[in-house]
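Just below is one structure, and these are the notes that go with it.
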Amino acid sequence: MKIANFSLIFAVLPVIAFAETDDCMSRKNVPDGVLDLTQIIELGLCRNPQTASAYYSLESARFNKNAGYADYLPSVNGTVSMGNKYENKDWGDWNYGASISASYLIFDFGRRLADLNQLSAVWRATGFDYDERVQNYIYSIIGAYYALLNADADVESARSLRTVAQTALDTANKKFKAGVVARADVLKAETTMASRDLDLERAKNNREIAKGTLLSKLSFPADEEITIADMSGDFGAPRENRGIDELIEIAREHRPDLLRASANKDAAWHRRNSAFLRNLPSISASGTLSWGDDNFSGVFGPSSEKVGGTITIRASMPIFAGFANMYNVRSAQSSYDSATENLRSASDNAELDVFSAYQNYKTAQTVLSQTKALLASATESEKVTAGMYKVGRATMLDWQTAQSELVSAQKQHNAAKYDLFTKRAALALAIGDIKSEIEKEE
């Protein structure tokens, strides 16, 4: 039996550890220093209200399950009474009474067990729902983290490309002053420089939006600052890939939605059994001890006490309830059939998710390899064209074209690098084992 294995190990424990050291739930400002992905996830899990709400739902289901054990224990009730009767325009004497009763269900053909198993299955399903919410939240954190890294890389690329444009402008000015080129070259270089300035401002704006998105997911104000660590590029090689059949098998064992659908099916099965068993007889025992007196003097004694008691063994069986029992059984059977089909649908969707995520990840690997080659080629082309322009063997238009190609190649490479990170996390999410993915990146 699996229950919330991911959430209990990966969510609750880091939250407790972080809260003990930094009081993360109540803090108003982002922690100082450079934060890596694991620290960001721990911080987010500690502060996120959605995962906290899911955890309390899990606790509610656990307490409901524990309450199911009460049917195996006797029930005891106590009563104290005091009354007076008004008759013929006159009040009578006060009467007093007290009683204690106990009852116990001896045999019910397993109905209590069916009810308890149903509550346990619901508890497991709620735990897997919690797992899924935690994993989805972690994946959203990963996406926001990589988006900020991508935005940071775009800002750095925009700055470096602006430096290249500045070099081109300075070179054009020198050659124009020397009478080697026309004023048109300077104007073209100035145009390129203005375009690079615009690209840098756009990159900075995109970086602010990406930063605000990550901070919002961490429940911090979006206008604060946060510094995060870059990821190592030493991963994602094709040799790390696993076969699609292996990944689907892992998904069947780890995906919370599949495990939840299976637990819901179990709950429906036990609910159906319980509905059927309610039509069978039950045997119970009860006992009562009572005292009553209509002239209570404040002291118990033989002259005033009236003590009595009963012991009863009772067998009961529903005979006719307006066909409600029959329809309840049929309703429970239909619910079980529906849960069975939901499990089959969830299994089909899981296979498609794994297949799609696997293909996207393989494509991302190929795209990253191609953008690396494209960036290397564009960088070398820009350097060669710059050298040729300086010696008069290329025009400013040639240099502008090379710079534009370098800009495009740099952006594509940045996007491909962090898209590979995201696609790998998406594949881990698809197989329901995103924890192992985080551990690889530490």
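In the structure tokens, each chain is lettered A, B, ... as it comes, each chain's residues begin at 1, and ligands are numbered from 1 in order of appearance.
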
Residues within 6 Å of region 114-117 of chain A, please, as a ChimeraX atom specification. Count only C-alpha atoms; anything in the same chain fewer than 5 positions from it doesn't count.
/A:68,270,274

Applying 8 Å and only C-alpha atoms, which residues near region 96-107 of chain A remain after dropping the ones on its own chain fewer than 4 positions away? List them as a short mmCIF file (atom, residue, chain, number, x, y, z; two decimals) with all heavy atoms, in the first residue's frame.
```cif
data_model
loop_
_atom_site.label_atom_id
_atom_site.label_comp_id
_atom_site.auth_asym_id
_atom_site.auth_seq_id
_atom_site.Cartn_x
_atom_site.Cartn_y
_atom_site.Cartn_z
N ASP A 71 -16.85 2.12 15.25
CA ASP A 71 -17.91 1.11 15.15
C ASP A 71 -17.51 -0.21 15.78
O ASP A 71 -18.37 -1.06 16.04
CB ASP A 71 -18.28 0.89 13.68
CG ASP A 71 -19.00 2.08 13.08
OD1 ASP A 71 -19.58 2.86 13.87
OD2 ASP A 71 -18.96 2.25 11.85
N TYR A 72 -16.21 -0.42 16.00
CA TYR A 72 -15.75 -1.65 16.63
C TYR A 72 -15.72 -1.54 18.16
O TYR A 72 -15.38 -2.50 18.84
CB TYR A 72 -14.35 -2.01 16.13
CG TYR A 72 -14.35 -2.58 14.74
CD1 TYR A 72 -14.19 -1.76 13.63
CD2 TYR A 72 -14.52 -3.94 14.51
CE1 TYR A 72 -14.18 -2.28 12.35
CE2 TYR A 72 -14.53 -4.48 13.24
CZ TYR A 72 -14.36 -3.63 12.16
OH TYR A 72 -14.36 -4.15 10.89
N LEU A 73 -16.05 -0.38 18.69
CA LEU A 73 -16.04 -0.16 20.13
C LEU A 73 -17.46 0.05 20.63
O LEU A 73 -18.33 0.49 19.88
CB LEU A 73 -15.17 1.06 20.47
CG LEU A 73 -13.70 0.99 20.04
CD1 LEU A 73 -13.00 2.30 20.34
CD2 LEU A 73 -13.00 -0.18 20.73
N PRO A 74 -17.71 -0.24 21.90
CA PRO A 74 -19.06 0.01 22.44
C PRO A 74 -19.32 1.50 22.57
O PRO A 74 -18.40 2.30 22.73
CB PRO A 74 -19.02 -0.68 23.80
CG PRO A 74 -17.58 -0.71 24.19
CD PRO A 74 -16.82 -0.86 22.89
N SER A 75 -20.57 1.86 22.53
CA SER A 75 -20.97 3.25 22.76
C SER A 75 -21.65 3.35 24.12
O SER A 75 -22.45 2.47 24.48
CB SER A 75 -21.91 3.74 21.66
OG SER A 75 -23.10 2.98 21.64
N VAL A 76 -21.32 4.38 24.87
CA VAL A 76 -21.85 4.56 26.22
C VAL A 76 -22.47 5.96 26.30
O VAL A 76 -21.86 6.95 25.86
CB VAL A 76 -20.75 4.42 27.28
CG1 VAL A 76 -21.32 4.62 28.68
CG2 VAL A 76 -20.06 3.05 27.16
N ASN A 77 -23.67 6.04 26.85
CA ASN A 77 -24.37 7.31 26.99
C ASN A 77 -24.87 7.48 28.42
O ASN A 77 -25.33 6.50 29.04
CB ASN A 77 -25.57 7.39 26.03
CG ASN A 77 -25.15 7.38 24.58
OD1 ASN A 77 -24.53 8.31 24.10
ND2 ASN A 77 -25.49 6.30 23.88
N GLY A 78 -24.80 8.69 28.91
CA GLY A 78 -25.32 8.99 30.24
C GLY A 78 -26.38 10.07 30.17
O GLY A 78 -26.28 10.99 29.34
N THR A 79 -27.40 9.97 31.04
CA THR A 79 -28.50 10.92 31.04
C THR A 79 -28.87 11.29 32.47
O THR A 79 -28.93 10.42 33.35
CB THR A 79 -29.75 10.32 30.35
OG1 THR A 79 -29.42 9.91 29.04
CG2 THR A 79 -30.87 11.35 30.28
N VAL A 80 -29.11 12.57 32.70
CA VAL A 80 -29.60 13.07 33.97
C VAL A 80 -30.84 13.91 33.69
O VAL A 80 -30.83 14.73 32.77
CB VAL A 80 -28.54 13.91 34.71
CG1 VAL A 80 -29.12 14.49 36.00
CG2 VAL A 80 -27.32 13.08 35.01
N SER A 81 -31.90 13.70 34.49
CA SER A 81 -33.15 14.42 34.22
C SER A 81 -33.76 14.93 35.52
O SER A 81 -33.56 14.36 36.60
CB SER A 81 -34.15 13.53 33.48
OG SER A 81 -34.52 12.43 34.29
N MET A 82 -34.55 15.98 35.39
CA MET A 82 -35.30 16.54 36.51
C MET A 82 -36.56 17.16 35.92
O MET A 82 -36.47 17.94 34.95
CB MET A 82 -34.47 17.59 37.25
CG MET A 82 -35.19 18.21 38.44
SD MET A 82 -34.13 19.37 39.35
CE MET A 82 -33.97 20.67 38.13
N GLY A 83 -37.72 16.84 36.48
CA GLY A 83 -38.94 17.35 35.90
C GLY A 83 -40.05 17.52 36.93
O GLY A 83 -40.01 16.96 38.02
N SER A 282 -28.23 -7.90 11.63
CA SER A 282 -27.14 -7.56 12.55
C SER A 282 -27.55 -7.96 13.96
O SER A 282 -28.74 -7.99 14.28
CB SER A 282 -26.82 -6.07 12.49
OG SER A 282 -27.93 -5.29 12.89
N ILE A 283 -26.56 -8.24 14.78
CA ILE A 283 -26.80 -8.65 16.16
C ILE A 283 -26.08 -7.69 17.07
O ILE A 283 -24.89 -7.41 16.88
CB ILE A 283 -26.32 -10.09 16.40
CG1 ILE A 283 -27.04 -11.07 15.47
CG2 ILE A 283 -26.53 -10.50 17.85
CD1 ILE A 283 -26.52 -12.49 15.56
N SER A 284 -26.77 -7.17 18.06
CA SER A 284 -26.17 -6.21 18.97
C SER A 284 -26.63 -6.49 20.39
O SER A 284 -27.64 -7.17 20.62
CB SER A 284 -26.56 -4.78 18.58
OG SER A 284 -27.96 -4.61 18.62
N ALA A 285 -25.85 -5.99 21.34
CA ALA A 285 -26.17 -6.13 22.76
C ALA A 285 -26.22 -4.75 23.37
O ALA A 285 -25.46 -3.85 22.99
CB ALA A 285 -25.12 -6.99 23.46
N SER A 286 -27.11 -4.57 24.35
CA SER A 286 -27.22 -3.29 25.03
C SER A 286 -27.59 -3.51 26.48
O SER A 286 -28.18 -4.54 26.85
CB SER A 286 -28.27 -2.40 24.35
OG SER A 286 -29.56 -3.00 24.42
N GLY A 287 -27.21 -2.57 27.30
CA GLY A 287 -27.53 -2.64 28.72
C GLY A 287 -27.79 -1.25 29.26
O GLY A 287 -27.20 -0.26 28.80
N THR A 288 -28.70 -1.17 30.24
CA THR A 288 -29.06 0.12 30.82
C THR A 288 -29.14 -0.01 32.33
O THR A 288 -29.69 -0.99 32.86
CB THR A 288 -30.43 0.59 30.28
OG1 THR A 288 -30.38 0.67 28.87
CG2 THR A 288 -30.78 1.97 30.84
N LEU A 289 -28.60 0.97 33.02
CA LEU A 289 -28.73 1.08 34.48
C LEU A 289 -29.34 2.44 34.78
O LEU A 289 -28.80 3.47 34.36
CB LEU A 289 -27.35 0.95 35.14
CG LEU A 289 -27.33 1.06 36.67
CD1 LEU A 289 -28.11 -0.10 37.29
CD2 LEU A 289 -25.90 1.09 37.19
N SER A 290 -30.46 2.46 35.50
CA SER A 290 -31.18 3.72 35.71
C SER A 290 -31.57 3.89 37.18
O SER A 290 -31.69 2.92 37.95
CB SER A 290 -32.44 3.76 34.84
OG SER A 290 -33.32 2.71 35.19
N TRP A 291 -31.78 5.14 37.54
CA TRP A 291 -32.27 5.49 38.89
C TRP A 291 -33.28 6.60 38.75
O TRP A 291 -33.13 7.51 37.94
CB TRP A 291 -31.08 5.95 39.75
CG TRP A 291 -31.52 6.65 41.01
CD1 TRP A 291 -31.89 6.07 42.18
CD2 TRP A 291 -31.68 8.05 41.19
NE1 TRP A 291 -32.25 7.01 43.10
CE2 TRP A 291 -32.12 8.25 42.52
CE3 TRP A 291 -31.47 9.17 40.36
CZ2 TRP A 291 -32.39 9.51 43.03
CZ3 TRP A 291 -31.73 10.42 40.89
CH2 TRP A 291 -32.18 10.58 42.22
N GLY A 292 -34.34 6.51 39.53
CA GLY A 292 -35.35 7.55 39.51
C GLY A 292 -36.02 7.70 40.86
O GLY A 292 -36.15 6.74 41.62
N ASP A 293 -36.47 8.91 41.19
CA ASP A 293 -37.10 9.17 42.49
C ASP A 293 -37.97 10.41 42.35
O ASP A 293 -37.58 11.39 41.71
CB ASP A 293 -36.03 9.38 43.54
CG ASP A 293 -36.58 9.24 44.96
OD1 ASP A 293 -37.82 9.30 45.11
OD2 ASP A 293 -35.79 9.08 45.89
N ASP A 294 -39.14 10.38 42.93
CA ASP A 294 -40.02 11.55 42.90
C ASP A 294 -40.02 12.31 44.22
O ASP A 294 -40.82 13.20 44.43
CB ASP A 294 -41.46 11.15 42.55
CG ASP A 294 -42.02 10.12 43.52
OD1 ASP A 294 -41.32 9.80 44.50
OD2 ASP A 294 -43.14 9.65 43.27
N ASN A 295 -39.13 11.94 45.13
CA ASN A 295 -39.03 12.65 46.41
C ASN A 295 -37.57 12.67 46.84
O ASN A 295 -37.18 12.09 47.86
CB ASN A 295 -39.91 11.96 47.46
CG ASN A 295 -39.97 12.75 48.75
OD1 ASN A 295 -39.73 13.97 48.77
ND2 ASN A 295 -40.29 12.06 49.84
N PHE A 296 -36.75 13.32 46.05
CA PHE A 296 -35.31 13.29 46.26
C PHE A 296 -34.93 14.18 47.44
O PHE A 296 -35.21 15.39 47.43
CB PHE A 296 -34.59 13.76 45.00
CG PHE A 296 -33.09 13.73 45.13
CD1 PHE A 296 -32.43 12.60 45.59
CD2 PHE A 296 -32.34 14.85 44.79
CE1 PHE A 296 -31.05 12.57 45.70
CE2 PHE A 296 -30.97 14.84 44.90
CZ PHE A 296 -30.32 13.70 45.35
#
```

Please, which residues of region 21-230 of chain A, numbered as in this document, come out strand (DSSP E or B) from DSSP, as JSON, numbers by chain?
{"A": [34, 35, 75, 76, 77, 78, 79, 80, 81, 82, 83, 86, 87, 90, 91, 95, 96, 97, 98, 99, 100, 101, 102, 103, 104, 105, 106, 107, 227, 228]}

Prev. selection, C-alpha atoms, output as a PDB file, in the first residue's frame:
```pdb
ATOM      1  CA  VAL A  34      22.043  33.017  -4.158  1.00  0.00           C
ATOM      2  CA  LEU A  35      19.262  30.423  -3.958  1.00  0.00           C
ATOM      3  CA  SER A  75     -20.972   3.250  22.764  1.00  0.00           C
ATOM      4  CA  VAL A  76     -21.852   4.565  26.220  1.00  0.00           C
ATOM      5  CA  ASN A  77     -24.372   7.314  26.990  1.00  0.00           C
ATOM      6  CA  GLY A  78     -25.320   8.988  30.238  1.00  0.00           C
ATOM      7  CA  THR A  79     -28.504  10.924  31.037  1.00  0.00           C
ATOM      8  CA  VAL A  80     -29.603  13.066  33.973  1.00  0.00           C
ATOM      9  CA  SER A  81     -33.151  14.423  34.221  1.00  0.00           C
ATOM     10  CA  MET A  82     -35.299  16.537  36.506  1.00  0.00           C
ATOM     11  CA  GLY A  83     -38.936  17.350  35.897  1.00  0.00           C
ATOM     12  CA  TYR A  86     -48.526  20.534  36.135  1.00  0.00           C
ATOM     13  CA  GLU A  87     -52.044  19.134  36.574  1.00  0.00           C
ATOM     14  CA  ASP A  90     -51.318  22.677  40.568  1.00  0.00           C
ATOM     15  CA  TRP A  91     -47.736  21.567  40.386  1.00  0.00           C
ATOM     16  CA  ASN A  95     -39.045  13.771  40.006  1.00  0.00           C
ATOM     17  CA  TYR A  96     -35.424  13.026  39.395  1.00  0.00           C
ATOM     18  CA  GLY A  97     -33.648  10.438  37.307  1.00  0.00           C
ATOM     19  CA  ALA A  98     -30.310   9.294  35.965  1.00  0.00           C
ATOM     20  CA  SER A  99     -29.308   6.493  33.641  1.00  0.00           C
ATOM     21  CA  ILE A 100     -26.308   5.076  31.856  1.00  0.00           C
ATOM     22  CA  SER A 101     -26.576   2.855  28.807  1.00  0.00           C
ATOM     23  CA  ALA A 102     -24.109   0.917  26.708  1.00  0.00           C
ATOM     24  CA  SER A 103     -24.521  -0.837  23.386  1.00  0.00           C
ATOM     25  CA  TYR A 104     -22.240  -2.937  21.210  1.00  0.00           C
ATOM     26  CA  LEU A 105     -22.646  -4.306  17.698  1.00  0.00           C
ATOM     27  CA  ILE A 106     -21.662  -7.960  17.887  1.00  0.00           C
ATOM     28  CA  PHE A 107     -22.040  -9.145  14.302  1.00  0.00           C
ATOM     29  CA  THR A 227      19.090  35.930  -6.976  1.00  0.00           C
ATOM     30  CA  ILE A 228      19.076  32.352  -8.230  1.00  0.00           C
TER      31      ILE A 228
END
```

Figure out the distance between CA of Leu43 (chain A) and CA of Tyr130 (chain A), please, to one decimal in Å.
17.7 Å

Can you tell me how far CA of Asn264 (chain A) sits from CA of Tyr358 (chain A), in Å to one decimal?
28.1 Å

Between CA of Gln412 (chain A) and CA of Ala153 (chain A), what is the spacing in Å?
11.2 Å

List the spatial neighbours of Asn29 (chain A) as a VMD selection string - criterion: any atom at most 9 Å away, only C-alpha atoms, same-chain residues fewer than 3 positions off excluded.
chain A and resid 32 220 to 221 224

Export of prior selection with N, CA and C atoms as a PDB file, in the first residue's frame:
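The resulting file, result-v4.pdb, is reproduced below:
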```pdb
ATOM      1  N   ASP A  32      18.376  36.348   1.663  1.00  0.00           N
ATOM      2  CA  ASP A  32      19.547  36.909   0.996  1.00  0.00           C
ATOM      3  C   ASP A  32      20.392  35.788   0.384  1.00  0.00           C
ATOM      4  N   PHE A 220       5.729  36.048  -2.350  1.00  0.00           N
ATOM      5  CA  PHE A 220       6.420  37.283  -2.021  1.00  0.00           C
ATOM      6  C   PHE A 220       5.934  38.379  -2.962  1.00  0.00           C
ATOM      7  N   PRO A 221       6.074  39.651  -2.557  1.00  0.00           N
ATOM      8  CA  PRO A 221       5.732  40.738  -3.481  1.00  0.00           C
ATOM      9  C   PRO A 221       6.559  40.659  -4.755  1.00  0.00           C
ATOM     10  N   GLU A 224      10.084  42.656  -5.323  1.00  0.00           N
ATOM     11  CA  GLU A 224      11.324  42.402  -4.594  1.00  0.00           C
ATOM     12  C   GLU A 224      12.383  41.830  -5.539  1.00  0.00           C
TER      13      GLU A 224
END
```

Smallest atom-to-atom distance to Leu214 (chain A): which of A:Asn328, A:Tyr145, A:Tyr389, A:Asn150, using only C-alpha atoms?
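Between A:Asn328, A:Tyr145, A:Tyr389, A:Asn150, the residue approaching Leu214 (chain A) most closely is A:Tyr145.
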
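In terms of minimum interatomic distance to Thr167 (chain A), A:Met193 ranks closest within A:Leu148, A:Met193, A:Asn88, A:Phe109, counting only C-alpha atoms.
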
Using only C-alpha atoms, which residue out of A:Tyr137, A:Ala425, A:Ile41, A:Glu190 lies closest to Arg162 (chain A)?
A:Glu190

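Using only C-alpha atoms, the nearest neighbour of Thr340 (chain A) within the list A:Leu258, A:Gln400, A:Val164, A:Ala364 is A:Leu258.
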
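Distances here use only C-alpha atoms; by that measure, the residue among A:Val384, A:Ile226, A:Ala332, A:Ala52 closest to Ala268 (chain A) is A:Ala332.
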
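Nearest to Asp170 (chain A) of all the residues A:Lys390, A:Arg111, A:Lys423, A:Lys417 is A:Lys390, counting only C-alpha atoms.
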
Do you know which residues are at most 8 Å from Ala121 (chain A) counting only C-alpha atoms, after dropping those on the same chain fewer than 3 positions away, and could you put them as a ChimeraX atom specification?
/A:117-118,124-125,263-264,266-267

Put those residues in a file: all heavy atoms, as a PDB file, in the first residue's frame.
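Result file again11.pdb:
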```
ATOM      1  N   ASN A 117     -12.867   0.071   5.300  1.00  0.00           N
ATOM      2  CA  ASN A 117     -12.032  -0.041   4.094  1.00  0.00           C
ATOM      3  C   ASN A 117     -12.335   1.079   3.099  1.00  0.00           C
ATOM      4  O   ASN A 117     -11.436   1.573   2.414  1.00  0.00           O
ATOM      5  CB  ASN A 117     -12.256  -1.396   3.428  1.00  0.00           C
ATOM      6  CG  ASN A 117     -11.609  -2.539   4.204  1.00  0.00           C
ATOM      7  OD1 ASN A 117     -10.670  -2.316   4.968  1.00  0.00           O
ATOM      8  ND2 ASN A 117     -12.112  -3.752   4.029  1.00  0.00           N
ATOM      9  N   GLN A 118     -13.598   1.461   3.025  1.00  0.00           N
ATOM     10  CA  GLN A 118     -13.957   2.573   2.145  1.00  0.00           C
ATOM     11  C   GLN A 118     -13.286   3.863   2.607  1.00  0.00           C
ATOM     12  O   GLN A 118     -12.701   4.606   1.806  1.00  0.00           O
ATOM     13  CB  GLN A 118     -15.466   2.755   2.120  1.00  0.00           C
ATOM     14  CG  GLN A 118     -15.914   3.990   1.353  1.00  0.00           C
ATOM     15  CD  GLN A 118     -17.346   4.368   1.659  1.00  0.00           C
ATOM     16  OE1 GLN A 118     -18.131   3.530   2.076  1.00  0.00           O
ATOM     17  NE2 GLN A 118     -17.676   5.638   1.477  1.00  0.00           N
ATOM     18  N   ARG A 124      -6.421   7.229   1.161  1.00  0.00           N
ATOM     19  CA  ARG A 124      -5.319   7.028   0.216  1.00  0.00           C
ATOM     20  C   ARG A 124      -5.508   7.894  -1.027  1.00  0.00           C
ATOM     21  O   ARG A 124      -4.556   8.503  -1.526  1.00  0.00           O
ATOM     22  CB  ARG A 124      -5.217   5.552  -0.179  1.00  0.00           C
ATOM     23  CG  ARG A 124      -4.792   4.639   0.948  1.00  0.00           C
ATOM     24  CD  ARG A 124      -4.321   3.292   0.424  1.00  0.00           C
ATOM     25  NE  ARG A 124      -5.348   2.617  -0.359  1.00  0.00           N
ATOM     26  CZ  ARG A 124      -6.302   1.843   0.152  1.00  0.00           C
ATOM     27  NH1 ARG A 124      -6.374   1.664   1.464  1.00  0.00           N
ATOM     28  NH2 ARG A 124      -7.183   1.252  -0.629  1.00  0.00           N
ATOM     29  N   ALA A 125      -6.740   7.953  -1.532  1.00  0.00           N
ATOM     30  CA  ALA A 125      -7.007   8.772  -2.716  1.00  0.00           C
ATOM     31  C   ALA A 125      -6.713  10.244  -2.441  1.00  0.00           C
ATOM     32  O   ALA A 125      -6.139  10.950  -3.281  1.00  0.00           O
ATOM     33  CB  ALA A 125      -8.462   8.599  -3.165  1.00  0.00           C
ATOM     34  N   ALA A 263      -7.298   4.035  -6.023  1.00  0.00           N
ATOM     35  CA  ALA A 263      -7.847   4.116  -4.667  1.00  0.00           C
ATOM     36  C   ALA A 263      -9.337   4.453  -4.697  1.00  0.00           C
ATOM     37  O   ALA A 263     -10.119   3.922  -3.893  1.00  0.00           O
ATOM     38  CB  ALA A 263      -7.084   5.149  -3.854  1.00  0.00           C
ATOM     39  N   ASN A 264      -9.747   5.321  -5.612  1.00  0.00           N
ATOM     40  CA  ASN A 264     -11.174   5.638  -5.740  1.00  0.00           C
ATOM     41  C   ASN A 264     -11.969   4.410  -6.177  1.00  0.00           C
ATOM     42  O   ASN A 264     -13.118   4.208  -5.741  1.00  0.00           O
ATOM     43  CB  ASN A 264     -11.368   6.767  -6.745  1.00  0.00           C
ATOM     44  CG  ASN A 264     -11.003   8.121  -6.176  1.00  0.00           C
ATOM     45  OD1 ASN A 264     -11.087   8.343  -4.971  1.00  0.00           O
ATOM     46  ND2 ASN A 264     -10.592   9.043  -7.028  1.00  0.00           N
ATOM     47  N   ASP A 266     -11.146   1.324  -5.412  1.00  0.00           N
ATOM     48  CA  ASP A 266     -11.247   0.494  -4.205  1.00  0.00           C
ATOM     49  C   ASP A 266     -12.335   1.016  -3.271  1.00  0.00           C
ATOM     50  O   ASP A 266     -13.098   0.234  -2.695  1.00  0.00           O
ATOM     51  CB  ASP A 266      -9.902   0.475  -3.469  1.00  0.00           C
ATOM     52  CG  ASP A 266      -8.821  -0.256  -4.250  1.00  0.00           C
ATOM     53  OD1 ASP A 266      -9.174  -1.043  -5.146  1.00  0.00           O
ATOM     54  OD2 ASP A 266      -7.625  -0.030  -3.970  1.00  0.00           O
ATOM     55  N   ALA A 267     -12.376   2.338  -3.114  1.00  0.00           N
ATOM     56  CA  ALA A 267     -13.399   2.933  -2.244  1.00  0.00           C
ATOM     57  C   ALA A 267     -14.802   2.616  -2.769  1.00  0.00           C
ATOM     58  O   ALA A 267     -15.713   2.293  -1.995  1.00  0.00           O
ATOM     59  CB  ALA A 267     -13.198   4.441  -2.142  1.00  0.00           C
TER      60      ALA A 267
END
```
